[in-house]
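Engineer: The structure file coords-v7.cif (mmCIF, C-alpha atoms) is provided below.
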data_entry
#
loop_
_atom_site.group_PDB
_atom_site.id
_atom_site.type_symbol
_atom_site.label_atom_id
_atom_site.label_comp_id
_atom_site.auth_asym_id
_atom_site.auth_seq_id
_atom_site.Cartn_x
_atom_site.Cartn_y
_atom_site.Cartn_z
ATOM 1 C CA MET A 747 12.050 -33.821 -13.665
ATOM 2 C CA SER A 748 8.253 -33.803 -13.390
ATOM 3 C CA PRO A 749 6.684 -31.838 -10.527
ATOM 4 C CA ARG A 750 5.486 -33.736 -7.471
ATOM 5 C CA ARG A 751 1.792 -34.490 -7.351
ATOM 6 C CA SER A 752 1.368 -32.142 -4.369
ATOM 7 C CA ASP A 753 2.766 -29.311 -6.482
ATOM 8 C CA SER A 754 -0.517 -29.183 -8.408
ATOM 9 C CA ARG A 755 -2.394 -28.171 -5.272
ATOM 10 C CA GLU A 756 0.069 -25.410 -4.406
ATOM 11 C CA ARG A 757 0.142 -24.143 -7.985
ATOM 12 C CA MET A 758 -3.644 -23.929 -8.102
ATOM 13 C CA ILE A 759 -3.819 -21.959 -4.844
ATOM 14 C CA LEU A 760 -1.099 -19.563 -6.008
ATOM 15 C CA SER A 761 -2.842 -19.135 -9.359
ATOM 16 C CA ALA A 762 -6.198 -18.524 -7.695
ATOM 17 C CA ALA A 763 -4.651 -15.813 -5.498
ATOM 18 C CA ALA A 764 -3.037 -14.152 -8.528
ATOM 19 C CA LEU A 765 -6.279 -14.289 -10.510
ATOM 20 C CA LEU A 766 -8.291 -12.872 -7.615
ATOM 21 C CA ARG A 767 -6.027 -9.808 -7.656
ATOM 22 C CA GLU A 768 -6.795 -9.135 -11.321
ATOM 23 C CA TYR A 769 -10.254 -10.546 -11.992
ATOM 24 C CA GLY A 770 -12.022 -10.737 -8.633
ATOM 25 C CA ALA A 771 -13.851 -13.728 -7.215
ATOM 26 C CA GLY A 772 -16.437 -13.805 -10.001
ATOM 27 C CA GLY A 773 -13.746 -13.982 -12.672
ATOM 28 C CA THR A 774 -11.682 -16.647 -10.932
ATOM 29 C CA SER A 775 -13.181 -19.779 -12.432
ATOM 30 C CA VAL A 776 -11.823 -23.294 -12.111
ATOM 31 C CA ASP A 777 -11.041 -23.325 -15.860
ATOM 32 C CA ARG A 778 -9.066 -20.097 -15.549
ATOM 33 C CA VAL A 779 -7.142 -21.438 -12.554
ATOM 34 C CA LEU A 780 -6.306 -24.630 -14.436
ATOM 35 C CA ALA A 781 -5.108 -22.682 -17.467
ATOM 36 C CA HIS A 782 -3.006 -20.353 -15.318
ATOM 37 C CA SER A 783 -1.485 -23.079 -13.140
ATOM 38 C CA GLY A 784 -1.089 -25.824 -15.731
ATOM 39 C CA ALA A 785 -2.531 -28.300 -13.246
ATOM 40 C CA PRO A 786 -4.409 -31.347 -14.567
ATOM 41 C CA ARG A 787 -8.193 -31.048 -14.547
ATOM 42 C CA GLY A 788 -8.623 -34.224 -12.549
ATOM 43 C CA SER A 789 -6.697 -32.741 -9.649
ATOM 44 C CA VAL A 790 -9.307 -30.097 -8.805
ATOM 45 C CA TYR A 791 -11.763 -32.176 -6.816
ATOM 46 C CA HIS A 792 -8.998 -34.474 -5.606
ATOM 47 C CA HIS A 793 -7.253 -31.584 -3.841
ATOM 48 C CA PHE A 794 -10.347 -29.425 -3.299
ATOM 49 C CA PRO A 795 -13.367 -31.604 -2.556
ATOM 50 C CA GLY A 796 -15.276 -28.405 -1.747
ATOM 51 C CA GLY A 797 -14.716 -27.238 -5.333
ATOM 52 C CA ARG A 798 -14.195 -23.650 -6.413
ATOM 53 C CA ALA A 799 -15.319 -22.164 -3.083
ATOM 54 C CA GLN A 800 -12.684 -24.134 -1.176
ATOM 55 C CA LEU A 801 -10.008 -23.203 -3.691
ATOM 56 C CA ILE A 802 -10.801 -19.483 -3.400
ATOM 57 C CA ASP A 803 -11.037 -19.725 0.382
ATOM 58 C CA GLU A 804 -7.549 -21.239 0.552
ATOM 59 C CA ALA A 805 -6.230 -18.620 -1.862
ATOM 60 C CA VAL A 806 -7.598 -15.894 0.437
ATOM 61 C CA ALA A 807 -5.851 -17.514 3.400
ATOM 62 C CA LEU A 808 -2.578 -17.761 1.474
ATOM 63 C CA ALA A 809 -2.714 -14.132 0.341
ATOM 64 C CA GLY A 810 -3.633 -13.043 3.861
ATOM 65 C CA ASP A 811 -0.681 -14.918 5.326
ATOM 66 C CA PHE A 812 1.676 -13.440 2.731
ATOM 67 C CA ILE A 813 0.695 -9.832 3.430
ATOM 68 C CA ALA A 814 0.627 -10.501 7.180
ATOM 69 C CA GLY A 815 4.225 -11.709 6.888
ATOM 70 C CA LEU A 816 5.198 -8.494 5.103
ATOM 71 C CA ILE A 817 3.418 -6.436 7.774
ATOM 72 C CA ASP A 818 5.188 -8.378 10.516
ATOM 73 C CA ALA A 819 8.540 -7.743 8.828
ATOM 74 C CA ALA A 820 7.799 -4.024 8.516
ATOM 75 C CA MET A 821 6.710 -3.937 12.150
ATOM 76 C CA GLN A 822 10.262 -4.765 13.232
ATOM 77 C CA ALA A 823 11.240 -1.164 12.491
ATOM 78 C CA ASP A 824 12.011 0.907 15.580
ATOM 79 C CA ASP A 825 10.004 3.793 14.118
ATOM 80 C CA PRO A 826 6.299 2.970 13.626
ATOM 81 C CA VAL A 827 5.952 5.795 11.115
ATOM 82 C CA GLU A 828 8.675 4.237 8.963
ATOM 83 C CA ALA A 829 6.935 0.867 9.258
ATOM 84 C CA VAL A 830 3.638 2.238 7.977
ATOM 85 C CA ASP A 831 5.429 4.210 5.248
ATOM 86 C CA ALA A 832 6.981 0.930 4.102
ATOM 87 C CA PHE A 833 3.542 -0.717 4.019
ATOM 88 C CA PHE A 834 2.254 1.953 1.640
ATOM 89 C CA VAL A 835 5.372 1.663 -0.527
ATOM 90 C CA LEU A 836 4.817 -2.088 -0.751
ATOM 91 C CA TRP A 837 1.325 -1.625 -2.177
ATOM 92 C CA ARG A 838 2.388 1.188 -4.495
ATOM 93 C CA ASP A 839 5.164 -0.989 -5.921
ATOM 94 C CA ARG A 840 2.795 -3.929 -6.440
ATOM 95 C CA LEU A 841 0.432 -1.677 -8.370
ATOM 96 C CA VAL A 842 3.178 -0.280 -10.587
ATOM 97 C CA GLU A 843 4.756 -3.682 -11.248
ATOM 98 C CA SER A 844 1.409 -5.071 -12.415
ATOM 99 C CA GLY A 845 0.566 -2.061 -14.570
ATOM 100 C CA PHE A 846 -2.300 -1.281 -12.153
ATOM 101 C CA ARG A 847 -3.969 -4.596 -13.014
ATOM 102 C CA ALA A 848 -3.470 -6.296 -9.667
ATOM 103 C CA GLY A 849 -5.227 -5.153 -6.541
ATOM 104 C CA CYS A 850 -5.862 -6.841 -3.216
ATOM 105 C CA PRO A 851 -7.265 -10.378 -3.459
ATOM 106 C CA ILE A 852 -8.949 -9.989 -0.064
ATOM 107 C CA VAL A 853 -10.904 -6.953 -1.253
ATOM 108 C CA ALA A 854 -11.779 -8.852 -4.428
ATOM 109 C CA VAL A 855 -13.586 -11.440 -2.322
ATOM 110 C CA ALA A 856 -15.024 -9.035 0.261
ATOM 111 C CA VAL A 857 -16.804 -6.744 -2.209
ATOM 112 C CA GLU A 858 -18.599 -9.481 -4.140
ATOM 113 C CA THR A 859 -21.811 -11.225 -3.138
ATOM 114 C CA ASN A 860 -21.110 -14.905 -2.555
ATOM 115 C CA ASP A 861 -24.445 -16.272 -1.414
ATOM 116 C CA ASP A 862 -23.370 -19.791 -2.360
ATOM 117 C CA ALA A 863 -20.177 -19.505 -0.301
ATOM 118 C CA PRO A 864 -20.725 -17.153 2.681
ATOM 119 C CA GLN A 865 -17.532 -18.433 4.281
ATOM 120 C CA LEU A 866 -15.522 -16.369 1.802
ATOM 121 C CA ALA A 867 -16.720 -13.093 3.342
ATOM 122 C CA ARG A 868 -15.909 -14.450 6.796
ATOM 123 C CA SER A 869 -12.433 -15.433 5.655
ATOM 124 C CA ALA A 870 -11.838 -11.968 4.179
ATOM 125 C CA ALA A 871 -13.009 -10.341 7.414
ATOM 126 C CA ALA A 872 -10.637 -12.544 9.411
ATOM 127 C CA VAL A 873 -7.704 -11.510 7.221
ATOM 128 C CA PHE A 874 -8.498 -7.811 7.606
ATOM 129 C CA ALA A 875 -8.794 -8.287 11.373
ATOM 130 C CA ARG A 876 -5.394 -9.972 11.484
ATOM 131 C CA TRP A 877 -3.742 -7.116 9.600
ATOM 132 C CA GLN A 878 -5.403 -4.521 11.819
ATOM 133 C CA GLU A 879 -4.313 -6.345 14.968
ATOM 134 C CA ALA A 880 -0.701 -6.397 13.770
ATOM 135 C CA LEU A 881 -0.746 -2.643 13.228
ATOM 136 C CA ALA A 882 -2.598 -2.022 16.499
ATOM 137 C CA ALA A 883 0.053 -4.007 18.370
ATOM 138 C CA LEU A 884 2.741 -1.805 16.824
ATOM 139 C CA PHE A 885 1.021 1.421 17.869
ATOM 140 C CA PHE A 886 0.276 0.098 21.351
ATOM 141 C CA ARG A 887 3.921 -0.882 21.764
ATOM 142 C CA HIS A 888 4.861 2.712 21.020
ATOM 143 C CA GLY A 889 2.707 4.218 23.732
ATOM 144 C CA LEU A 890 -0.756 4.739 22.296
ATOM 145 C CA THR A 891 -3.812 3.523 24.154
ATOM 146 C CA GLU A 892 -5.310 0.189 23.191
ATOM 147 C CA GLU A 893 -8.451 1.838 21.828
ATOM 148 C CA ARG A 894 -6.551 4.427 19.767
ATOM 149 C CA SER A 895 -4.211 1.725 18.484
ATOM 150 C CA ARG A 896 -7.142 -0.363 17.264
ATOM 151 C CA ARG A 897 -8.752 2.606 15.539
ATOM 152 C CA LEU A 898 -5.519 3.588 13.826
ATOM 153 C CA GLY A 899 -4.893 0.008 12.710
ATOM 154 C CA ALA A 900 -8.327 -0.089 11.082
ATOM 155 C CA PHE A 901 -7.838 3.347 9.548
ATOM 156 C CA VAL A 902 -4.484 2.480 7.981
ATOM 157 C CA ILE A 903 -5.883 -0.691 6.389
ATOM 158 C CA ALA A 904 -8.954 1.183 5.143
ATOM 159 C CA ALA A 905 -6.762 3.945 3.692
ATOM 160 C CA VAL A 906 -4.475 1.501 1.911
ATOM 161 C CA GLU A 907 -7.277 -0.596 0.458
ATOM 162 C CA GLY A 908 -9.288 2.417 -0.673
ATOM 163 C CA ALA A 909 -6.217 3.970 -2.248
ATOM 164 C CA VAL A 910 -5.378 0.757 -4.108
ATOM 165 C CA ILE A 911 -8.864 0.682 -5.634
ATOM 166 C CA MET A 912 -8.602 4.352 -6.678
ATOM 167 C CA CYS A 913 -5.132 3.826 -8.159
ATOM 168 C CA ARG A 914 -6.414 1.002 -10.335
ATOM 169 C CA ALA A 915 -9.320 3.121 -11.527
ATOM 170 C CA GLU A 916 -7.141 6.161 -12.251
ATOM 171 C CA GLN A 917 -4.102 4.212 -13.494
ATOM 172 C CA SER A 918 -2.018 6.405 -11.241
ATOM 173 C CA THR A 919 -0.120 6.175 -7.952
ATOM 174 C CA ALA A 920 -1.417 9.603 -6.899
ATOM 175 C CA PRO A 921 -4.177 8.292 -4.560
ATOM 176 C CA ILE A 922 -1.891 5.988 -2.591
ATOM 177 C CA GLU A 923 0.831 8.628 -2.385
ATOM 178 C CA ALA A 924 -1.699 11.142 -1.047
ATOM 179 C CA ALA A 925 -3.035 8.639 1.492
ATOM 180 C CA ALA A 926 0.500 7.717 2.568
ATOM 181 C CA ALA A 927 1.428 11.377 3.111
ATOM 182 C CA GLU A 928 -1.662 12.076 5.216
ATOM 183 C CA ILE A 929 -1.223 8.932 7.309
ATOM 184 C CA HIS A 930 2.463 9.824 7.774
ATOM 185 C CA ASN A 931 1.588 13.270 9.141
ATOM 186 C CA LEU A 932 -1.234 11.893 11.292
ATOM 187 C CA LEU A 933 1.061 9.349 12.909
ATOM 188 C CA LEU A 934 3.804 11.913 13.510
ATOM 189 C CA HIS A 935 1.384 14.169 15.396
ATOM 190 C CA THR A 936 -0.363 11.323 17.199
ATOM 191 C CA LEU A 937 2.862 9.774 18.464
ATOM 192 C CA ARG A 938 4.304 13.163 19.392
ATOM 193 C CA ASP A 939 1.254 13.983 21.502
ATOM 194 C CA ARG A 940 0.925 10.595 23.205
ATOM 195 C CA PRO A 941 1.198 10.512 27.025
ATOM 196 C CA GLY A 942 4.807 10.433 28.150
ATOM 197 C CA ALA A 943 6.242 11.454 24.796
ATOM 198 C CA GLU A 944 9.124 13.879 24.791
ATOM 199 C CA PRO A 945 7.972 17.310 23.606
ATOM 200 C CA GLY A 946 9.027 18.190 20.105
ATOM 201 C CA PRO A 947 8.786 21.201 17.871
ATOM 202 C CA ARG A 948 5.263 22.288 16.979
#
What do you get writing this file as structure tokens?
Structural biologist:
Amino acid sequence: MSPRRSDSRERMILSAAALLREYGAGGTSVDRVLAHSGAPRGSVYHHFPGGRAQLIDEAVALAGDFIAGLIDAAMQADDPVEAVDAFFVLWRDRLVESGFRAGCPIVAVAVETNDDAPQLARSAAAVFARWQEALAALFFRHGLTEERSRRLGAFVIAAVEGAVIMCRAEQSTAPIEAAAAEIHNLLLHTLRDRPGAEPGPR
């Protein structure tokens, strides 16, 4: 059975997101997306009248939604430390499964200059903000102040993204494992010392 016409659009967005992880925004050309997705050439401007910039923008949104869903699932854990541990494990596993070829598609867009499509940087910033807010809500729910929760949310995302980049460069999980261990200890101490927390061993 042949795929529905609308499948071409979805396949192209999925392919663009996958290619962003490996090749960055500069390396994610329309030709490469077509080859990866198997979509017909004529479907590009039919589905994406804004061309390559629109395609990449929608791929960023899709990838952002996917990771946000994983964060939201992890946030259901009763223990916020376990939730953040699981977030680091998720990224470590994605690195290993791809042979350290695939990083974060949001970073891929954020670090490149896109003067012809400034909306891409704005879209990447919005995705990072959404992830940080999800983490901040978790920390706030567990008794930290709103300001501290926001700072920790930003710090966790920064630590993960920086570690992913280092892991790809070093072809090793050591950077993300080190970052995960330090964040784990930081959260243990921070949550132990929060106002109203039951005293624990020091």
Engineer: Using only C-alpha atoms, which residue out of A:Val835, A:Ala909, A:Leu760, A:Val855 lies closest to Phe812 (chain A)?
Structural biologist: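 Nearest candidate to Phe812 (chain A) out of A:Val835, A:Ala909, A:Leu760, A:Val855: A:Leu760.
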Engineer: Would you mind telling me which residue in A:Leu841, A:Ala870, A:Ala854, A:Leu937 lies nearest to Glu923 (chain A) when using only C-alpha atoms?
Structural biologist: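 Once distances to Glu923 (chain A) are computed over only C-alpha atoms, the minimum belongs to A:Leu841.
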Engineer: Pick the closest to Arg778 (chain A) from A:Ala809, A:Ala915, A:Leu836, A:Ala763: which is it, counting all atoms listed in the file?
Structural biologist: A:Ala763
Engineer: Apply the PyMOL selection byres ((chain A and resi 799) around 12) to the structure shown and report the selected residues as a PyMOL selection string.
Structural biologist: chain A and resi 759+762+771-772+774-776+790-791+794-798+800-806+855+860-867+869
Engineer: At what distance in Å, to one decimal, does CA of Arg840 (chain A) lie from CA of Ala924 (chain A)?
Structural biologist: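 Separation between CA of Ala924 (chain A) and CA of Arg840 (chain A): 16.6 Å.
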Engineer: Excluding region 820-833 of chain A and its own-chain neighbours fewer than 2 positions away, which residues fall within 9 Å of it when counting all atoms listed in the file? Please give them as a list in words.
Structural biologist: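 Result of the neighbour search: Gly815, Leu816, Ile817, Asp818, Val835, Leu836, Trp837, Arg838, Ala880, Leu881, Leu884, Phe885, His888, Val902, Val906, Ala926, Ala927, Ile929, His930, Asn931, Leu933, Leu934 and Leu937 of chain A.
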Engineer: In Å to one decimal, how far is CA of Ala920 (chain A) from CA of Ala872 (chain A)?
Structural biologist: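 Going from CA of Ala872 (chain A) over to CA of Ala920 (chain A) covers 29.0 Å.
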Engineer: Between CA of Thr891 (chain A) and CA of Arg940 (chain A), what is the spacing in Å?
Structural biologist: 8.6 Å
Engineer: Which residue, A:Ile903, A:Leu780, A:Ala925, A:Val910, has the smallest gap to Phe846 (chain A) when you use all atoms listed in the file?
Structural biologist: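 Nearest to Phe846 (chain A): A:Val910.
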Engineer: Determine the residue set returned by the PyMOL selection byres ((chain A and resi 757) around 10) for the present structure, and present it as a PDB file with C-alpha atoms, in the frame of the given file.
Structural biologist:
ATOM      1  CA  SER A 752       1.368 -32.142  -4.369  1.00  0.00           C
ATOM      2  CA  ASP A 753       2.766 -29.311  -6.482  1.00  0.00           C
ATOM      3  CA  SER A 754      -0.517 -29.183  -8.408  1.00  0.00           C
ATOM      4  CA  ARG A 755      -2.394 -28.171  -5.272  1.00  0.00           C
ATOM      5  CA  GLU A 756       0.069 -25.410  -4.406  1.00  0.00           C
ATOM      6  CA  MET A 758      -3.644 -23.929  -8.102  1.00  0.00           C
ATOM      7  CA  ILE A 759      -3.819 -21.959  -4.844  1.00  0.00           C
ATOM      8  CA  LEU A 760      -1.099 -19.563  -6.008  1.00  0.00           C
ATOM      9  CA  SER A 761      -2.842 -19.135  -9.359  1.00  0.00           C
ATOM     10  CA  ALA A 762      -6.198 -18.524  -7.695  1.00  0.00           C
ATOM     11  CA  ALA A 763      -4.651 -15.813  -5.498  1.00  0.00           C
ATOM     12  CA  VAL A 779      -7.142 -21.438 -12.554  1.00  0.00           C
ATOM     13  CA  LEU A 780      -6.306 -24.630 -14.436  1.00  0.00           C
ATOM     14  CA  HIS A 782      -3.006 -20.353 -15.318  1.00  0.00           C
ATOM     15  CA  SER A 783      -1.485 -23.079 -13.140  1.00  0.00           C
ATOM     16  CA  GLY A 784      -1.089 -25.824 -15.731  1.00  0.00           C
ATOM     17  CA  ALA A 785      -2.531 -28.300 -13.246  1.00  0.00           C
TER      18      ALA A 785
END
Engineer: I'd like the contact shell of Glu879 (chain A) - 9 Å cut-off, all atoms listed in the file, skipping same-chain residues fewer than 4 positions apart - returned as number ranges by chain.
Structural biologist: A: 874-875, 883-884, 895-896, 899-900
Engineer: Keeping only C-alpha atoms, write the selected residues as a PDB file, in the frame of the given file.
Structural biologist:
ATOM      1  CA  PHE A 874      -8.498  -7.811   7.606  1.00  0.00           C
ATOM      2  CA  ALA A 875      -8.794  -8.287  11.373  1.00  0.00           C
ATOM      3  CA  ALA A 883       0.053  -4.007  18.370  1.00  0.00           C
ATOM      4  CA  LEU A 884       2.741  -1.805  16.824  1.00  0.00           C
ATOM      5  CA  SER A 895      -4.211   1.725  18.484  1.00  0.00           C
ATOM      6  CA  ARG A 896      -7.142  -0.363  17.264  1.00  0.00           C
ATOM      7  CA  GLY A 899      -4.893   0.008  12.710  1.00  0.00           C
ATOM      8  CA  ALA A 900      -8.327  -0.089  11.082  1.00  0.00           C
TER       9      ALA A 900
END
Engineer: A:Leu890, A:Val873, A:Leu766, A:Ala882: which is nearest Arg938 (chain A), counting all atoms listed in the file?
Structural biologist: A:Leu890
